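Undergrad: One structure follows; several queries about it will come next.
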Amino acid sequence: MSKLDFVDLRSDTVTLPTEEMLEAIRHAKLGDDVYGEDPTVNELEALAAERMGKEAAVLVPSGTMANLVSLMSNTKRGNLVILESEAHMYWYEVGGVSAIAGLLPWPVKSKFGAFDPADVEAAIRPRNIHFPEPALVCVENTHNRHGGTVVLPGQLKAIGEVARAHGLRFYMDGARVFNAAVALGVDVKEFARQVDNLMFCLSKGLSCPVGSLVVGSRDFVERARKNRKVLGGGMRQAGVIAAAGIVALEEMVDRLADDHRNARFLAEGCVEVDGLGVDLARVQTNMVVLDIGGLGVEDALFVSMLKERGVLVGVIGKGKVRLVTHRGIEREHMEKALEAIKGVVGELRVR
Ligand SMILES: Cc1ncc(COP(=O)(O)O)c(C=O)c1O
């Protein structure tokens, strides 16, 4: 985005591929990936596994499918899965956890996405004829509905210890785990090593048009590959997707820091606006959640008034407006967004 007339802060999924990605797609060596013969997919999968410090990886079309094949590959139908009560898997994945994976989701509340290990322990019910068998604990990192918060490696470690002590697997929806790593200034392996397996998305802050990777042990990824196929996610010349993914892993990770700086700038500006609530402690990566409850206005009206001023935002709950920074959003766009927010709030307050 270079013009100042339109600032799209609905999500980092709106990012378009870079010129380098389009060039890589144009020149990608292709084959039939269902036969394991697409060299570009094989290269991306090997690179993803290496970056995460795991044995293997498999490319899937979306984050939703990545979570679903991971649920299916970590459990048996009828098992119980412990999820964070605000988790994307629980809220936004059309109930696939039950409808397709056949699992009982057991939501547990947390602070900023990081369970208290004692709460996980309490949710793991004893083996008993009446109870579903608990199989899996899931975390989300960064945590979307908590505002892009980072679950720290030490917190993951403590949760994982509880899971493993009870024979459960530990999975991470790491759709934005590179944001977490960049925010902390650590290698992404610090997060990945705490979980048995994880997924991450190429098509969010990393700017790819399509794709997510499921990463873990060779056995797990073998099962995931099979489950991807049963869901119809076996793709043929998927090197056209993978080519952009390779560019993303090599070129696009470090720049996430710019998105974090821009989100912080916006959040600090919004804190100064009377009538808006912003929990700065949650502004850890590329998201800002505004509490507009104090303005006494319908969410939809607030959103449409911002749109009239050229700023697009999303709503994640009553009175909660989410703004997400990403590639193409520069400081000048943040300034424009801040002015628009001030303008809307000012107009609402004199009504
Ligand atoms: C944390 C998290 N997990 C999973 C997904 C699903 O990804 P997709 O939209 O590619 O299906 C998203 C999408 O926003 C997400 O934020």
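Ligands are numbered from 1 in the order shown, residues from 1 within each chain, and chains are lettered A, B, ... in the order they appear in the structure tokens.
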Please identify which residues in segment 115-293 of chain A DSSP calls alpha helix (DSSP H) from the backbone, and express them as a ChimeraX atom specification.
TA: /A:117-123,153-165,177-184,189-192,218-230,239-251,256-271
Undergrad: Store the residues picked out above in a file with C-alpha atoms, as a compact mmCIF listing (two decimals), in the first residue's frame.
TA:
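Below is the file selection-v6.txt, written as the result:
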```txt
# COMPACT_ATOMS: atom_id res chain seq x y z
CA PRO A 117 -0.66 -24.91 34.41
CA ALA A 118 -2.86 -25.64 37.46
CA ASP A 119 -5.96 -24.92 35.34
CA VAL A 120 -4.76 -27.37 32.70
CA GLU A 121 -4.11 -29.95 35.40
CA ALA A 122 -7.65 -29.43 36.74
CA ALA A 123 -9.15 -29.85 33.27
CA PRO A 153 8.63 -20.16 25.94
CA GLY A 154 8.81 -20.56 29.74
CA GLN A 155 5.01 -20.54 29.98
CA LEU A 156 4.79 -23.13 27.19
CA LYS A 157 7.31 -25.29 29.01
CA ALA A 158 5.26 -25.31 32.21
CA ILE A 159 2.03 -26.14 30.34
CA GLY A 160 3.78 -28.88 28.34
CA GLU A 161 5.10 -30.48 31.49
CA VAL A 162 1.56 -30.86 32.83
CA ALA A 163 0.29 -32.25 29.52
CA ARG A 164 3.07 -34.81 29.24
CA ALA A 165 2.85 -35.85 32.89
CA VAL A 177 4.48 -17.65 15.89
CA PHE A 178 7.07 -15.66 13.91
CA ASN A 179 5.50 -12.49 15.34
CA ALA A 180 6.04 -13.98 18.79
CA ALA A 181 9.69 -14.78 18.03
CA VAL A 182 10.37 -11.34 16.56
CA ALA A 183 8.65 -9.61 19.51
CA LEU A 184 10.94 -11.43 21.94
CA LYS A 189 12.77 -22.74 17.75
CA GLU A 190 12.55 -21.49 21.35
CA PHE A 191 8.78 -21.74 20.98
CA ALA A 192 8.64 -24.82 18.74
CA ARG A 218 8.09 -37.72 10.94
CA ASP A 219 5.27 -40.02 12.14
CA PHE A 220 2.98 -37.13 13.00
CA VAL A 221 3.56 -35.42 9.66
CA GLU A 222 2.90 -38.71 7.86
CA ARG A 223 -0.50 -38.89 9.55
CA ALA A 224 -1.10 -35.20 8.82
CA ARG A 225 -0.35 -35.80 5.13
CA LYS A 226 -2.93 -38.58 5.07
CA ASN A 227 -5.49 -36.46 6.91
CA ARG A 228 -4.83 -33.55 4.55
CA LYS A 229 -5.72 -35.94 1.70
CA VAL A 230 -8.97 -37.09 3.31
CA GLY A 239 5.04 -25.42 -5.93
CA VAL A 240 3.27 -22.26 -7.08
CA ILE A 241 2.26 -21.81 -3.43
CA ALA A 242 5.51 -23.10 -1.95
CA ALA A 243 7.72 -20.79 -4.03
CA ALA A 244 6.28 -17.75 -2.27
CA GLY A 245 6.62 -19.57 1.07
CA ILE A 246 10.36 -20.02 0.59
CA VAL A 247 10.75 -16.28 -0.08
CA ALA A 248 8.66 -15.59 3.03
CA LEU A 249 10.83 -17.71 5.31
CA GLU A 250 14.02 -16.26 3.90
CA GLU A 251 13.06 -12.61 3.53
CA LEU A 256 7.52 -8.09 11.27
CA ALA A 257 9.25 -5.80 13.78
CA ASP A 258 8.03 -2.81 11.69
CA ASP A 259 4.43 -4.02 12.11
CA HIS A 260 4.94 -4.26 15.86
CA ARG A 261 6.37 -0.72 16.04
CA ASN A 262 3.44 0.61 14.04
CA ALA A 263 0.89 -1.14 16.25
CA ARG A 264 2.58 0.31 19.33
CA PHE A 265 2.54 3.81 17.83
CA LEU A 266 -1.17 3.52 17.09
CA ALA A 267 -2.01 2.07 20.51
CA GLU A 268 -0.09 4.81 22.35
CA GLY A 269 -1.93 7.42 20.30
CA CYS A 270 -5.31 5.83 21.05
CA VAL A 271 -4.63 5.74 24.80
```
Undergrad: At a cut-off of 9 Å and counting only C-alpha atoms and all ligand atoms, what residues surround ligand 1? Please answer as a ChimeraX atom specification.
TA: /A:11-13,61-67,87-89,92-93,140-145,148,173-176,199-204,210-212
Undergrad: Nearest to Val188 of chain A among A:Ala49, A:Val315, A:Met235, A:Leu104, with distances taken over only C-alpha atoms: which residue is it?
TA: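 Using only C-alpha atoms, the shortest distance to Val188 of chain A belongs to A:Ala49.
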Undergrad: For Met334 of chain A, which of A:Val311, A:Leu80, A:Glu272, A:Gly346 is the closest residue, counting only C-alpha atoms?
TA: A:Val311
Undergrad: For Val81 of chain A, which residue out of A:Lys111, A:Arg282, A:Arg193, A:Arg125 is the nearest one, using only C-alpha atoms?
TA: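 Checking each candidate against Val81 of chain A, we get A:Arg125 as the closest.
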Undergrad: What lies within 10 Å of Leu312 of chain A using only C-alpha atoms, ignoring chain neighbours under 4 positions off, as a PyMOL selection string?
TA: chain A and resi 6-11+303-308+322-324+337
Undergrad: I need the residues from that last selection saved to file as a compact mmCIF listing (two decimals), in the first residue's frame (with C-alpha atoms), if you can.
TA:
```txt
# COMPACT_ATOMS: atom_id res chain seq x y z
CA PHE A 6 -7.14 3.69 2.04
CA VAL A 7 -5.81 2.03 5.19
CA ASP A 8 -6.87 -1.60 5.59
CA LEU A 9 -6.33 -2.69 9.21
CA ARG A 10 -8.85 -5.54 9.24
CA SER A 11 -6.21 -8.27 9.20
CA VAL A 303 -16.74 0.85 11.84
CA SER A 304 -18.69 2.57 9.07
CA MET A 305 -17.68 6.05 10.28
CA LEU A 306 -14.03 4.97 10.12
CA LYS A 307 -14.61 3.52 6.68
CA GLU A 308 -15.96 6.88 5.50
CA ARG A 322 -9.41 -4.79 16.23
CA LEU A 323 -6.73 -3.12 14.11
CA VAL A 324 -3.93 -5.19 12.60
CA ALA A 337 -5.72 5.99 11.12
```
Undergrad: With only C-alpha atoms as the counted atoms, please give the residues lying no more than 10 Å from Pro134 of chain A, apart from itself and same-chain residues fewer than 4 positions off, as JSON, numbers by chain.
TA: {"A": [75, 76, 78, 79, 80, 81, 82, 103, 104, 105, 106, 123, 124, 125, 126, 127, 163, 166, 167, 168, 169]}
Undergrad: Of the residues A:Val313, A:Leu213, A:Val41, A:Val344, which is the one nearest to Leu276 of chain A, using only C-alpha atoms?
TA: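 Ranking A:Val313, A:Leu213, A:Val41, A:Val344 by distance to Leu276 of chain A, first place goes to A:Val344.
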Undergrad: Which of these residues is nearest to Val345 of chain A, using only C-alpha atoms: A:Leu152, A:Val69, A:Ile316, A:Leu301?
TA: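 Nearest candidate to Val345 of chain A out of A:Leu152, A:Val69, A:Ile316, A:Leu301: A:Leu301.
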Undergrad: Write out as a PyMOL selection string each polymer residue whose atoms come within 10 Å of Asn42 of chain A, counting only C-alpha atoms; drop sequence neighbours fewer than 4 positions from it.
TA: chain A and resi 33+36-38+46-48+57-59+238-239+242
Undergrad: Write the residues you've just listed into a file as an mmCIF file, in the first residue's frame, and include N, CA, C and O atoms for each of them.
TA:
```cif
data_model
loop_
_atom_site.group_PDB
_atom_site.id
_atom_site.type_symbol
_atom_site.label_atom_id
_atom_site.label_comp_id
_atom_site.auth_asym_id
_atom_site.auth_seq_id
_atom_site.Cartn_x
_atom_site.Cartn_y
_atom_site.Cartn_z
ATOM 1 N N ASP A 33 2.542 -32.973 -6.336
ATOM 2 C CA ASP A 33 2.889 -33.086 -4.909
ATOM 3 C C ASP A 33 2.175 -34.248 -4.217
ATOM 4 O O ASP A 33 2.648 -34.740 -3.200
ATOM 5 N N GLY A 36 4.441 -36.669 -4.172
ATOM 6 C CA GLY A 36 5.673 -36.239 -3.494
ATOM 7 C C GLY A 36 6.713 -35.719 -4.463
ATOM 8 O O GLY A 36 7.907 -35.687 -4.149
ATOM 9 N N GLU A 37 6.263 -35.297 -5.675
ATOM 10 C CA GLU A 37 7.221 -34.982 -6.742
ATOM 11 C C GLU A 37 7.327 -33.501 -7.075
ATOM 12 O O GLU A 37 7.817 -33.145 -8.142
ATOM 13 N N ASP A 38 6.819 -32.640 -6.183
ATOM 14 C CA ASP A 38 6.992 -31.210 -6.471
ATOM 15 C C ASP A 38 8.244 -30.725 -5.739
ATOM 16 O O ASP A 38 8.252 -30.643 -4.498
ATOM 17 N N ALA A 46 11.060 -28.954 3.838
ATOM 18 C CA ALA A 46 12.340 -29.200 4.522
ATOM 19 C C ALA A 46 12.796 -27.929 5.250
ATOM 20 O O ALA A 46 13.277 -27.980 6.397
ATOM 21 N N LEU A 47 12.627 -26.787 4.596
ATOM 22 C CA LEU A 47 13.036 -25.507 5.194
ATOM 23 C C LEU A 47 12.201 -25.204 6.448
ATOM 24 O O LEU A 47 12.735 -24.769 7.476
ATOM 25 N N ALA A 48 10.883 -25.454 6.360
ATOM 26 C CA ALA A 48 10.003 -25.186 7.511
ATOM 27 C C ALA A 48 10.388 -26.080 8.688
ATOM 28 O O ALA A 48 10.458 -25.613 9.836
ATOM 29 N N ALA A 57 7.648 -31.525 7.856
ATOM 30 C CA ALA A 57 6.558 -30.546 7.713
ATOM 31 C C ALA A 57 5.734 -30.904 6.490
ATOM 32 O O ALA A 57 6.217 -31.584 5.578
ATOM 33 N N VAL A 58 4.486 -30.446 6.489
ATOM 34 C CA VAL A 58 3.630 -30.643 5.321
ATOM 35 C C VAL A 58 2.867 -29.342 5.048
ATOM 36 O O VAL A 58 2.370 -28.694 5.966
ATOM 37 N N LEU A 59 2.805 -28.995 3.767
ATOM 38 C CA LEU A 59 2.127 -27.764 3.333
ATOM 39 C C LEU A 59 0.630 -28.030 3.197
ATOM 40 O O LEU A 59 0.229 -29.023 2.585
ATOM 41 N N ALA A 238 1.652 -27.769 -6.371
ATOM 42 C CA ALA A 238 1.559 -26.788 -5.278
ATOM 43 C C ALA A 238 2.846 -25.979 -5.104
ATOM 44 O O ALA A 238 2.913 -25.103 -4.234
ATOM 45 N N GLY A 239 3.834 -26.244 -5.946
ATOM 46 C CA GLY A 239 5.039 -25.424 -5.933
ATOM 47 C C GLY A 239 4.742 -23.954 -6.190
ATOM 48 O O GLY A 239 5.504 -23.080 -5.766
ATOM 49 N N ALA A 242 4.296 -22.924 -2.755
ATOM 50 C CA ALA A 242 5.508 -23.099 -1.949
ATOM 51 C C ALA A 242 6.597 -22.091 -2.319
ATOM 52 O O ALA A 242 7.369 -21.659 -1.447
#
```
Undergrad: Looking only at strand (DSSP E) from DSSP on the backbone, list the matching residues of segment 100-192 of chain A as an MDAnalysis selection string.
TA: chainID A and resid 104:108 134:140 169:173
